[in-house]
>>> print(open('protein.cif').read())   # mmCIF, N, CA and C atoms
data_work
loop_
_atom_site.label_atom_id
_atom_site.label_comp_id
_atom_site.auth_asym_id
_atom_site.auth_seq_id
_atom_site.Cartn_x
_atom_site.Cartn_y
_atom_site.Cartn_z
N MET A 7 -3.00 -7.15 -20.47
CA MET A 7 -2.64 -5.76 -20.16
C MET A 7 -3.29 -5.31 -18.84
N HIS A 8 -4.60 -5.56 -18.69
CA HIS A 8 -5.29 -5.15 -17.48
C HIS A 8 -4.72 -5.86 -16.26
N ARG A 9 -4.35 -7.13 -16.40
CA ARG A 9 -3.78 -7.87 -15.28
C ARG A 9 -2.47 -7.25 -14.82
N LYS A 10 -1.65 -6.78 -15.76
CA LYS A 10 -0.40 -6.13 -15.39
C LYS A 10 -0.67 -4.89 -14.56
N LEU A 11 -1.67 -4.12 -14.93
CA LEU A 11 -1.99 -2.90 -14.18
C LEU A 11 -2.41 -3.25 -12.77
N VAL A 12 -3.22 -4.30 -12.62
CA VAL A 12 -3.63 -4.72 -11.28
C VAL A 12 -2.40 -5.09 -10.47
N ASN A 13 -1.47 -5.84 -11.08
CA ASN A 13 -0.25 -6.21 -10.37
C ASN A 13 0.57 -4.98 -10.01
N LEU A 14 0.70 -4.03 -10.95
CA LEU A 14 1.44 -2.81 -10.67
C LEU A 14 0.81 -2.07 -9.50
N ASN A 15 -0.49 -1.93 -9.52
CA ASN A 15 -1.17 -1.25 -8.42
C ASN A 15 -0.99 -2.00 -7.10
N SER A 16 -1.00 -3.31 -7.14
CA SER A 16 -0.78 -4.09 -5.92
C SER A 16 0.62 -3.85 -5.38
N TYR A 17 1.61 -3.88 -6.27
CA TYR A 17 2.98 -3.63 -5.83
C TYR A 17 3.13 -2.21 -5.30
N LEU A 18 2.48 -1.26 -5.95
CA LEU A 18 2.57 0.12 -5.48
C LEU A 18 1.91 0.28 -4.11
N THR A 19 0.85 -0.45 -3.87
CA THR A 19 0.20 -0.41 -2.56
C THR A 19 1.15 -0.94 -1.49
N VAL A 20 1.80 -2.06 -1.77
CA VAL A 20 2.76 -2.63 -0.82
C VAL A 20 3.91 -1.65 -0.61
N CYS A 21 4.42 -1.10 -1.71
CA CYS A 21 5.52 -0.14 -1.61
C CYS A 21 5.10 1.08 -0.80
N GLY A 22 3.90 1.58 -1.05
CA GLY A 22 3.38 2.72 -0.29
C GLY A 22 3.26 2.42 1.20
N ASN A 23 2.83 1.19 1.53
CA ASN A 23 2.74 0.79 2.94
C ASN A 23 4.12 0.76 3.59
N LEU A 24 5.10 0.24 2.85
CA LEU A 24 6.47 0.20 3.38
C LEU A 24 7.04 1.60 3.57
N ILE A 25 6.74 2.49 2.61
CA ILE A 25 7.21 3.88 2.71
C ILE A 25 6.59 4.56 3.93
N ALA A 26 5.28 4.41 4.09
CA ALA A 26 4.59 5.03 5.22
C ALA A 26 5.17 4.51 6.54
N GLN A 27 5.44 3.21 6.59
CA GLN A 27 6.01 2.61 7.80
C GLN A 27 7.42 3.17 8.04
N LYS A 28 8.22 3.25 6.99
CA LYS A 28 9.59 3.76 7.13
C LYS A 28 9.60 5.20 7.62
N LEU A 29 8.69 6.01 7.10
CA LEU A 29 8.64 7.43 7.46
C LEU A 29 7.79 7.69 8.70
N ASN A 30 7.24 6.61 9.27
CA ASN A 30 6.39 6.73 10.46
C ASN A 30 5.22 7.70 10.21
N MET A 31 4.56 7.48 9.08
CA MET A 31 3.42 8.31 8.68
C MET A 31 2.17 7.43 8.58
N PRO A 32 1.01 8.05 8.47
CA PRO A 32 -0.22 7.26 8.31
C PRO A 32 -0.21 6.52 6.97
N ILE A 33 -1.15 5.60 6.79
CA ILE A 33 -1.24 4.89 5.52
C ILE A 33 -1.34 5.91 4.39
N ILE A 34 -0.76 5.55 3.27
CA ILE A 34 -0.51 6.51 2.20
C ILE A 34 -1.79 7.14 1.63
N ASN A 35 -2.91 6.43 1.67
CA ASN A 35 -4.13 7.03 1.12
C ASN A 35 -4.71 8.13 2.01
N LYS A 36 -4.09 8.36 3.17
CA LYS A 36 -4.49 9.45 4.08
C LYS A 36 -3.52 10.63 4.02
N TRP A 37 -2.57 10.59 3.10
CA TRP A 37 -1.53 11.61 3.05
C TRP A 37 -2.02 12.95 2.53
N SER A 38 -1.40 14.00 3.04
CA SER A 38 -1.64 15.37 2.55
C SER A 38 -0.48 15.75 1.63
N ASP A 39 -0.55 16.94 1.04
CA ASP A 39 0.54 17.44 0.19
C ASP A 39 1.86 17.45 0.95
N ALA A 40 1.82 17.82 2.20
CA ALA A 40 3.05 17.91 3.00
C ALA A 40 3.74 16.55 3.09
N ASN A 41 2.96 15.46 3.20
CA ASN A 41 3.57 14.13 3.26
C ASN A 41 4.30 13.79 1.97
N TYR A 42 3.72 14.17 0.83
CA TYR A 42 4.36 13.90 -0.45
C TYR A 42 5.64 14.73 -0.62
N ILE A 43 5.65 15.93 -0.08
CA ILE A 43 6.86 16.76 -0.11
C ILE A 43 7.95 16.10 0.73
N VAL A 44 7.58 15.61 1.92
CA VAL A 44 8.55 14.93 2.78
C VAL A 44 9.11 13.70 2.06
N LEU A 45 8.25 12.93 1.42
CA LEU A 45 8.71 11.74 0.69
C LEU A 45 9.64 12.13 -0.45
N SER A 46 9.27 13.15 -1.20
CA SER A 46 10.11 13.60 -2.31
C SER A 46 11.52 13.95 -1.82
N GLU A 47 11.58 14.69 -0.73
CA GLU A 47 12.88 15.09 -0.17
C GLU A 47 13.65 13.89 0.38
N ALA A 48 12.95 12.97 1.03
CA ALA A 48 13.61 11.80 1.60
C ALA A 48 14.16 10.89 0.51
N VAL A 49 13.40 10.69 -0.56
CA VAL A 49 13.87 9.87 -1.68
C VAL A 49 15.09 10.52 -2.32
N MET A 50 15.05 11.82 -2.52
CA MET A 50 16.18 12.54 -3.12
C MET A 50 17.42 12.41 -2.24
N GLN A 51 17.25 12.57 -0.95
CA GLN A 51 18.39 12.50 -0.03
C GLN A 51 19.00 11.10 -0.02
N GLU A 52 18.14 10.07 -0.03
CA GLU A 52 18.64 8.70 0.10
C GLU A 52 19.09 8.09 -1.22
N THR A 53 18.41 8.42 -2.33
CA THR A 53 18.70 7.75 -3.61
C THR A 53 19.38 8.66 -4.63
N LYS A 54 19.37 9.96 -4.37
CA LYS A 54 19.89 10.96 -5.31
C LYS A 54 19.05 11.03 -6.59
N ILE A 55 17.81 10.55 -6.51
CA ILE A 55 16.87 10.61 -7.63
C ILE A 55 15.72 11.51 -7.21
N TYR A 56 15.46 12.55 -8.00
CA TYR A 56 14.38 13.48 -7.68
C TYR A 56 13.07 12.99 -8.26
N ILE A 57 12.06 12.90 -7.41
CA ILE A 57 10.69 12.61 -7.84
C ILE A 57 9.82 13.72 -7.27
N SER A 58 9.14 14.44 -8.13
CA SER A 58 8.32 15.56 -7.66
C SER A 58 7.14 15.06 -6.84
N LYS A 59 6.60 15.95 -6.02
CA LYS A 59 5.43 15.58 -5.21
C LYS A 59 4.26 15.21 -6.10
N ASN A 60 4.12 15.88 -7.25
CA ASN A 60 3.00 15.56 -8.14
C ASN A 60 3.17 14.20 -8.80
N THR A 61 4.40 13.84 -9.15
CA THR A 61 4.64 12.50 -9.69
C THR A 61 4.31 11.46 -8.63
N LEU A 62 4.74 11.69 -7.41
CA LEU A 62 4.43 10.76 -6.32
C LEU A 62 2.92 10.65 -6.11
N LYS A 63 2.24 11.76 -6.22
CA LYS A 63 0.78 11.73 -6.07
C LYS A 63 0.13 10.92 -7.19
N ARG A 64 0.67 11.03 -8.42
CA ARG A 64 0.15 10.22 -9.53
C ARG A 64 0.45 8.74 -9.30
N VAL A 65 1.66 8.45 -8.85
CA VAL A 65 2.06 7.06 -8.61
C VAL A 65 1.13 6.39 -7.61
N PHE A 66 0.79 7.09 -6.54
CA PHE A 66 -0.01 6.48 -5.48
C PHE A 66 -1.50 6.82 -5.57
N GLY A 67 -1.93 7.38 -6.70
CA GLY A 67 -3.35 7.56 -6.96
C GLY A 67 -4.01 8.77 -6.34
N LYS A 68 -3.24 9.64 -5.73
CA LYS A 68 -3.82 10.84 -5.12
C LYS A 68 -4.19 11.88 -6.18
N LEU A 69 -3.38 11.93 -7.24
CA LEU A 69 -3.61 12.85 -8.35
C LEU A 69 -4.06 12.03 -9.54
N LYS A 70 -5.30 12.19 -9.94
CA LYS A 70 -5.88 11.39 -11.02
C LYS A 70 -5.44 11.92 -12.38
N THR A 71 -5.30 10.99 -13.32
CA THR A 71 -4.95 11.34 -14.70
C THR A 71 -6.07 10.86 -15.61
N LYS A 72 -6.13 11.44 -16.80
CA LYS A 72 -7.18 11.05 -17.74
C LYS A 72 -7.03 9.60 -18.18
N GLU A 73 -5.80 9.19 -18.39
CA GLU A 73 -5.52 7.81 -18.77
C GLU A 73 -4.78 7.14 -17.63
N SER A 74 -4.73 5.81 -17.69
CA SER A 74 -4.01 5.10 -16.62
C SER A 74 -2.55 5.54 -16.62
N TYR A 75 -2.02 5.72 -15.45
CA TYR A 75 -0.68 6.25 -15.29
C TYR A 75 0.32 5.11 -15.09
N HIS A 76 1.37 5.13 -15.88
CA HIS A 76 2.44 4.13 -15.77
C HIS A 76 3.73 4.86 -15.44
N PRO A 77 4.19 4.76 -14.19
CA PRO A 77 5.40 5.46 -13.80
C PRO A 77 6.63 4.98 -14.60
N GLN A 78 7.59 5.88 -14.77
CA GLN A 78 8.84 5.50 -15.42
C GLN A 78 9.60 4.54 -14.52
N ILE A 79 10.42 3.70 -15.13
CA ILE A 79 11.18 2.72 -14.36
C ILE A 79 12.13 3.39 -13.38
N THR A 80 12.64 4.56 -13.72
CA THR A 80 13.52 5.29 -12.81
C THR A 80 12.79 5.64 -11.53
N THR A 81 11.54 6.04 -11.65
CA THR A 81 10.71 6.37 -10.48
C THR A 81 10.48 5.12 -9.63
N LEU A 82 10.12 4.02 -10.28
CA LEU A 82 9.87 2.77 -9.56
C LEU A 82 11.15 2.27 -8.89
N ASN A 83 12.26 2.38 -9.59
CA ASN A 83 13.55 1.95 -9.01
C ASN A 83 13.87 2.78 -7.76
N ALA A 84 13.67 4.08 -7.85
CA ALA A 84 13.97 4.95 -6.71
C ALA A 84 13.11 4.57 -5.50
N LEU A 85 11.83 4.29 -5.73
CA LEU A 85 10.95 3.90 -4.62
C LEU A 85 11.38 2.56 -4.03
N ALA A 86 11.77 1.62 -4.89
CA ALA A 86 12.23 0.32 -4.40
C ALA A 86 13.53 0.47 -3.60
N ILE A 87 14.44 1.28 -4.10
CA ILE A 87 15.70 1.53 -3.37
C ILE A 87 15.39 2.16 -2.02
N PHE A 88 14.45 3.08 -2.01
CA PHE A 88 14.10 3.78 -0.78
C PHE A 88 13.61 2.81 0.30
N VAL A 89 12.92 1.74 -0.10
CA VAL A 89 12.42 0.78 0.89
C VAL A 89 13.35 -0.42 1.06
N GLY A 90 14.58 -0.32 0.50
CA GLY A 90 15.59 -1.32 0.82
C GLY A 90 15.90 -2.37 -0.22
N TYR A 91 15.49 -2.16 -1.45
CA TYR A 91 15.77 -3.13 -2.51
C TYR A 91 16.75 -2.53 -3.52
N LEU A 92 17.36 -3.39 -4.34
CA LEU A 92 18.30 -2.90 -5.34
C LEU A 92 17.61 -2.15 -6.47
N ASN A 93 16.40 -2.61 -6.85
CA ASN A 93 15.63 -1.98 -7.92
C ASN A 93 14.20 -2.51 -7.87
N TRP A 94 13.38 -2.02 -8.79
CA TRP A 94 11.96 -2.39 -8.81
C TRP A 94 11.77 -3.87 -9.08
N ASN A 95 12.58 -4.46 -9.97
CA ASN A 95 12.43 -5.89 -10.26
C ASN A 95 12.72 -6.75 -9.03
N GLU A 96 13.74 -6.39 -8.28
CA GLU A 96 14.03 -7.14 -7.06
C GLU A 96 12.87 -6.99 -6.07
N PHE A 97 12.34 -5.79 -5.95
CA PHE A 97 11.19 -5.57 -5.07
C PHE A 97 10.02 -6.46 -5.48
N LYS A 98 9.70 -6.48 -6.78
CA LYS A 98 8.58 -7.27 -7.27
C LYS A 98 8.79 -8.76 -7.05
N SER A 99 10.02 -9.23 -7.20
CA SER A 99 10.28 -10.66 -7.10
C SER A 99 10.49 -11.12 -5.66
N SER A 100 10.56 -10.23 -4.72
CA SER A 100 10.81 -10.63 -3.34
C SER A 100 9.57 -11.23 -2.71
N GLU A 101 9.78 -12.28 -1.93
CA GLU A 101 8.68 -12.86 -1.18
C GLU A 101 8.19 -11.90 -0.11
N VAL A 102 9.11 -11.09 0.40
CA VAL A 102 8.75 -10.13 1.43
C VAL A 102 7.65 -9.19 0.92
N ALA A 103 7.77 -8.75 -0.33
CA ALA A 103 6.76 -7.84 -0.88
C ALA A 103 5.39 -8.49 -0.90
N SER A 104 5.32 -9.74 -1.35
CA SER A 104 4.01 -10.37 -1.42
C SER A 104 3.48 -10.71 -0.03
N LEU A 105 4.33 -11.22 0.85
CA LEU A 105 3.88 -11.52 2.21
C LEU A 105 3.52 -10.26 2.97
N HIS A 106 4.36 -9.24 2.86
CA HIS A 106 4.09 -7.98 3.55
C HIS A 106 2.81 -7.35 3.02
N GLY A 107 2.60 -7.46 1.73
CA GLY A 107 1.39 -6.91 1.13
C GLY A 107 0.14 -7.57 1.65
N ALA A 108 0.16 -8.90 1.78
CA ALA A 108 -1.01 -9.59 2.30
C ALA A 108 -1.26 -9.22 3.75
N ARG A 109 -0.17 -9.18 4.55
CA ARG A 109 -0.33 -8.84 5.97
C ARG A 109 -0.78 -7.40 6.14
N LYS A 110 -0.17 -6.49 5.37
CA LYS A 110 -0.51 -5.08 5.50
C LYS A 110 -1.93 -4.80 5.00
N THR A 111 -2.37 -5.54 3.96
CA THR A 111 -3.73 -5.34 3.48
C THR A 111 -4.71 -5.72 4.57
N LEU A 112 -4.47 -6.84 5.24
CA LEU A 112 -5.35 -7.25 6.33
C LEU A 112 -5.27 -6.26 7.48
N THR A 113 -4.06 -5.85 7.83
CA THR A 113 -3.88 -4.90 8.92
C THR A 113 -4.57 -3.58 8.60
N SER A 114 -4.38 -3.08 7.38
CA SER A 114 -5.00 -1.79 7.05
C SER A 114 -6.52 -1.91 6.97
N TRP A 115 -7.04 -3.12 6.66
CA TRP A 115 -8.48 -3.26 6.65
C TRP A 115 -9.03 -3.09 8.06
N PHE A 116 -8.36 -3.67 9.06
CA PHE A 116 -8.85 -3.54 10.42
C PHE A 116 -8.66 -2.13 10.97
N THR A 117 -7.63 -1.42 10.51
CA THR A 117 -7.42 -0.06 10.99
C THR A 117 -8.15 0.97 10.14
N ASN A 118 -8.50 0.59 8.89
CA ASN A 118 -9.15 1.53 7.98
C ASN A 118 -10.17 0.79 7.11
N PRO A 119 -11.22 0.19 7.71
CA PRO A 119 -12.16 -0.63 6.94
C PRO A 119 -12.96 0.15 5.91
N GLU A 120 -13.07 1.46 6.07
CA GLU A 120 -13.84 2.22 5.08
C GLU A 120 -13.19 2.18 3.71
N GLY A 121 -11.91 1.81 3.65
CA GLY A 121 -11.25 1.67 2.37
C GLY A 121 -11.88 0.57 1.53
N ILE A 122 -12.55 -0.39 2.16
CA ILE A 122 -13.19 -1.48 1.43
C ILE A 122 -14.69 -1.26 1.31
N PHE A 123 -15.34 -0.88 2.39
CA PHE A 123 -16.79 -0.81 2.42
C PHE A 123 -17.37 0.59 2.36
N GLY A 124 -16.56 1.60 2.29
CA GLY A 124 -17.07 2.95 2.34
C GLY A 124 -17.26 3.40 3.77
N ASN A 125 -17.87 4.53 3.98
CA ASN A 125 -17.99 5.10 5.32
C ASN A 125 -19.08 4.45 6.17
N GLN A 126 -19.80 3.44 5.62
CA GLN A 126 -20.89 2.83 6.37
C GLN A 126 -20.40 1.90 7.47
N VAL A 127 -19.13 1.49 7.44
CA VAL A 127 -18.61 0.54 8.42
C VAL A 127 -18.52 1.21 9.77
N THR A 128 -19.04 0.53 10.78
CA THR A 128 -19.00 1.06 12.14
C THR A 128 -18.25 0.10 13.03
N LYS A 129 -17.88 0.56 14.21
CA LYS A 129 -17.18 -0.30 15.16
C LYS A 129 -18.03 -1.50 15.56
N PRO A 130 -19.35 -1.34 15.78
CA PRO A 130 -20.16 -2.53 16.09
C PRO A 130 -20.12 -3.58 14.97
N PHE A 131 -20.08 -3.12 13.72
CA PHE A 131 -20.00 -4.05 12.59
C PHE A 131 -18.70 -4.85 12.66
N ILE A 132 -17.60 -4.19 12.92
CA ILE A 132 -16.30 -4.87 13.02
C ILE A 132 -16.31 -5.83 14.20
N PHE A 133 -16.88 -5.40 15.32
CA PHE A 133 -16.96 -6.27 16.49
C PHE A 133 -17.76 -7.53 16.18
N ILE A 134 -18.89 -7.38 15.52
CA ILE A 134 -19.72 -8.53 15.16
C ILE A 134 -18.97 -9.44 14.19
N LEU A 135 -18.29 -8.85 13.23
CA LEU A 135 -17.52 -9.63 12.27
C LEU A 135 -16.43 -10.44 12.98
N LEU A 136 -15.71 -9.82 13.88
CA LEU A 136 -14.68 -10.52 14.63
C LEU A 136 -15.28 -11.62 15.50
N LEU A 137 -16.42 -11.36 16.08
CA LEU A 137 -17.10 -12.35 16.90
C LEU A 137 -17.51 -13.56 16.05
N VAL A 138 -18.03 -13.33 14.89
CA VAL A 138 -18.41 -14.42 13.97
C VAL A 138 -17.18 -15.22 13.57
N MET A 139 -16.09 -14.52 13.27
CA MET A 139 -14.85 -15.22 12.90
C MET A 139 -14.36 -16.09 14.06
N LEU A 140 -14.42 -15.58 15.26
CA LEU A 140 -14.01 -16.33 16.44
C LEU A 140 -14.89 -17.56 16.63
N LEU A 141 -16.18 -17.40 16.44
CA LEU A 141 -17.12 -18.50 16.56
C LEU A 141 -16.82 -19.58 15.53
N VAL A 142 -16.54 -19.20 14.31
CA VAL A 142 -16.20 -20.16 13.27
C VAL A 142 -14.92 -20.91 13.62
N MET A 143 -13.94 -20.20 14.15
CA MET A 143 -12.68 -20.84 14.55
C MET A 143 -12.91 -21.86 15.65
N VAL A 144 -13.73 -21.52 16.64
CA VAL A 144 -14.04 -22.43 17.75
C VAL A 144 -14.76 -23.67 17.21
N ILE A 145 -15.70 -23.48 16.32
CA ILE A 145 -16.43 -24.61 15.74
C ILE A 145 -15.47 -25.54 14.98
N VAL A 146 -14.58 -24.94 14.20
CA VAL A 146 -13.62 -25.74 13.44
C VAL A 146 -12.71 -26.52 14.39
N LEU A 147 -12.24 -25.88 15.44
CA LEU A 147 -11.38 -26.57 16.41
C LEU A 147 -12.10 -27.70 17.13
N LEU A 148 -13.36 -27.48 17.49
CA LEU A 148 -14.14 -28.52 18.17
C LEU A 148 -14.50 -29.66 17.23
N TRP A 149 -14.65 -29.36 15.97
CA TRP A 149 -15.02 -30.38 14.98
C TRP A 149 -13.92 -31.38 14.80
N HIS A 150 -12.67 -30.94 14.92
CA HIS A 150 -11.53 -31.84 14.73
C HIS A 150 -11.24 -32.47 16.01
#
>>> encode(input="protein.cif", output="structure tokens")
Amino acid sequence: MHRKLVNLNSYLTVCGNLIAQKLNMPIINKWSDANYIVLSEAVMQETKIYISKNTLKRVFGKLKTKESYHPQITTLNALAIFVGYLNWNEFKSSEVASLHGARKTLTSWFTNPEGIFGNQVTKPFIFILLLVMLLVMVIVLLWH
């Protein structure tokens, strides 16, 4: 059961990244109420399925619930359709979702590292980390 929730959250993260990209908005965890209103209206216009801003906030973790939140399949289908899939199952089974998720997770880490480490991450830390990674790559290339 817990593993399914992790997978659902992973898929929702990928879906949220695709939505933010489609709407040319910041990453979804930086959204304000106005962004959720825009998404609600855009989903309604494109899919003819209404999802309230509060439901969208629950789906993407902005609005916390007492118990773990499991969106209705209609909501998930509408979000999948909005990002270009036939339904939620097609979105989940697509290689694009898993590949895009891995790439976007790495990209969002470099653009928003505090999402992983908290607010303690500084630009010098990222610079040093990148330098170490570069050094490791050079060593590996010279070793072969």
>>> residues_around(input="protein.cif", residues="range 84-95 of chain A", least_positions_apart="3", cutoff="9 Å", atoms="only C-alpha atoms", output="JSON, numbers by chain")
{"A": [21, 22, 24, 25, 28, 48, 49, 50, 52, 53, 54, 55, 56, 57, 79, 80, 81, 98, 99, 100]}
>>> atom_distance(input="protein.cif", atom1="CA of Ser58 in chain A", atom2="CA of Val44 in chain A")
10.5 Å
>>> atom_distance(input="protein.cif", atom1="CA of Ala26 in chain A", atom2="CA of Gln78 in chain A")
21.1 Å
>>> resolve_selection(input="protein.cif", expression="the PyMOL selection byres ((chain A and resi 34-37) around 8)", output="ChimeraX atom specification")
/A:22-27,31-33,38-42,66-68
>>> atom_distance(input="protein.cif", atom1="CA of His150 in chain A", atom2="atom N of Phe133 in chain A")
27.0 Å
>>> build_atoms(input="protein.cif", residues="range 46-66 of chain A", atoms="N, CA, C and O atoms", output="JSON list (two decimals), in the coordinates of the input")
[["chain", "number", "residue", "atom", "x", "y", "z"],
["A", 46, "SER", "N", 9.27, 13.15, -1.20],
["A", 46, "SER", "CA", 10.11, 13.60, -2.31],
["A", 46, "SER", "C", 11.52, 13.95, -1.82],
["A", 46, "SER", "O", 12.53, 13.53, -2.42],
["A", 47, "GLU", "N", 11.58, 14.69, -0.73],
["A", 47, "GLU", "CA", 12.88, 15.09, -0.17],
["A", 47, "GLU", "C", 13.65, 13.89, 0.38],
["A", 47, "GLU", "O", 14.86, 13.78, 0.20],
["A", 48, "ALA", "N", 12.95, 12.97, 1.03],
["A", 48, "ALA", "CA", 13.61, 11.80, 1.60],
["A", 48, "ALA", "C", 14.16, 10.89, 0.51],
["A", 48, "ALA", "O", 15.28, 10.38, 0.63],
["A", 49, "VAL", "N", 13.40, 10.69, -0.56],
["A", 49, "VAL", "CA", 13.87, 9.87, -1.68],
["A", 49, "VAL", "C", 15.09, 10.52, -2.32],
["A", 49, "VAL", "O", 16.08, 9.84, -2.62],
["A", 50, "MET", "N", 15.05, 11.82, -2.52],
["A", 50, "MET", "CA", 16.18, 12.54, -3.12],
["A", 50, "MET", "C", 17.42, 12.41, -2.24],
["A", 50, "MET", "O", 18.52, 12.14, -2.74],
["A", 51, "GLN", "N", 17.25, 12.57, -0.95],
["A", 51, "GLN", "CA", 18.39, 12.50, -0.03],
["A", 51, "GLN", "C", 19.00, 11.10, -0.02],
["A", 51, "GLN", "O", 20.21, 10.95, -0.03],
["A", 52, "GLU", "N", 18.14, 10.07, -0.03],
["A", 52, "GLU", "CA", 18.64, 8.70, 0.10],
["A", 52, "GLU", "C", 19.09, 8.09, -1.22],
["A", 52, "GLU", "O", 20.04, 7.32, -1.25],
["A", 53, "THR", "N", 18.41, 8.42, -2.33],
["A", 53, "THR", "CA", 18.70, 7.75, -3.61],
["A", 53, "THR", "C", 19.38, 8.66, -4.63],
["A", 53, "THR", "O", 19.84, 8.17, -5.65],
["A", 54, "LYS", "N", 19.37, 9.96, -4.37],
["A", 54, "LYS", "CA", 19.89, 10.96, -5.31],
["A", 54, "LYS", "C", 19.05, 11.03, -6.59],
["A", 54, "LYS", "O", 19.50, 11.51, -7.61],
["A", 55, "ILE", "N", 17.81, 10.55, -6.51],
["A", 55, "ILE", "CA", 16.87, 10.61, -7.63],
["A", 55, "ILE", "C", 15.72, 11.51, -7.21],
["A", 55, "ILE", "O", 15.08, 11.27, -6.18],
["A", 56, "TYR", "N", 15.46, 12.55, -8.00],
["A", 56, "TYR", "CA", 14.38, 13.48, -7.68],
["A", 56, "TYR", "C", 13.07, 12.99, -8.26],
["A", 56, "TYR", "O", 12.97, 12.69, -9.45],
["A", 57, "ILE", "N", 12.06, 12.90, -7.41],
["A", 57, "ILE", "CA", 10.69, 12.61, -7.84],
["A", 57, "ILE", "C", 9.82, 13.72, -7.27],
["A", 57, "ILE", "O", 9.78, 13.91, -6.06],
["A", 58, "SER", "N", 9.14, 14.44, -8.13],
["A", 58, "SER", "CA", 8.32, 15.56, -7.66],
["A", 58, "SER", "C", 7.14, 15.06, -6.84],
["A", 58, "SER", "O", 6.71, 13.91, -6.97],
["A", 59, "LYS", "N", 6.60, 15.95, -6.02],
["A", 59, "LYS", "CA", 5.43, 15.58, -5.21],
["A", 59, "LYS", "C", 4.26, 15.21, -6.10],
["A", 59, "LYS", "O", 3.49, 14.30, -5.79],
["A", 60, "ASN", "N", 4.12, 15.88, -7.25],
["A", 60, "ASN", "CA", 3.00, 15.56, -8.14],
["A", 60, "ASN", "C", 3.17, 14.20, -8.80],
["A", 60, "ASN", "O", 2.19, 13.47, -8.98],
["A", 61, "THR", "N", 4.40, 13.84, -9.15],
["A", 61, "THR", "CA", 4.64, 12.50, -9.69],
["A", 61, "THR", "C", 4.31, 11.46, -8.63],
["A", 61, "THR", "O", 3.65, 10.46, -8.92],
["A", 62, "LEU", "N", 4.74, 11.69, -7.41],
["A", 62, "LEU", "CA", 4.43, 10.76, -6.32],
["A", 62, "LEU", "C", 2.92, 10.65, -6.11],
["A", 62, "LEU", "O", 2.40, 9.55, -5.87],
["A", 63, "LYS", "N", 2.24, 11.76, -6.22],
["A", 63, "LYS", "CA", 0.78, 11.73, -6.07],
["A", 63, "LYS", "C", 0.13, 10.92, -7.19],
["A", 63, "LYS", "O", -0.83, 10.18, -6.96],
["A", 64, "ARG", "N", 0.67, 11.03, -8.42],
["A", 64, "ARG", "CA", 0.15, 10.22, -9.53],
["A", 64, "ARG", "C", 0.45, 8.74, -9.30],
["A", 64, "ARG", "O", -0.40, 7.88, -9.52],
["A", 65, "VAL", "N", 1.66, 8.45, -8.85],
["A", 65, "VAL", "CA", 2.06, 7.06, -8.61],
["A", 65, "VAL", "C", 1.13, 6.39, -7.61],
["A", 65, "VAL", "O", 0.69, 5.26, -7.81],
["A", 66, "PHE", "N", 0.79, 7.09, -6.54],
["A", 66, "PHE", "CA", -0.01, 6.48, -5.48],
["A", 66, "PHE", "C", -1.50, 6.82, -5.57],
["A", 66, "PHE", "O", -2.26, 6.56, -4.64]]
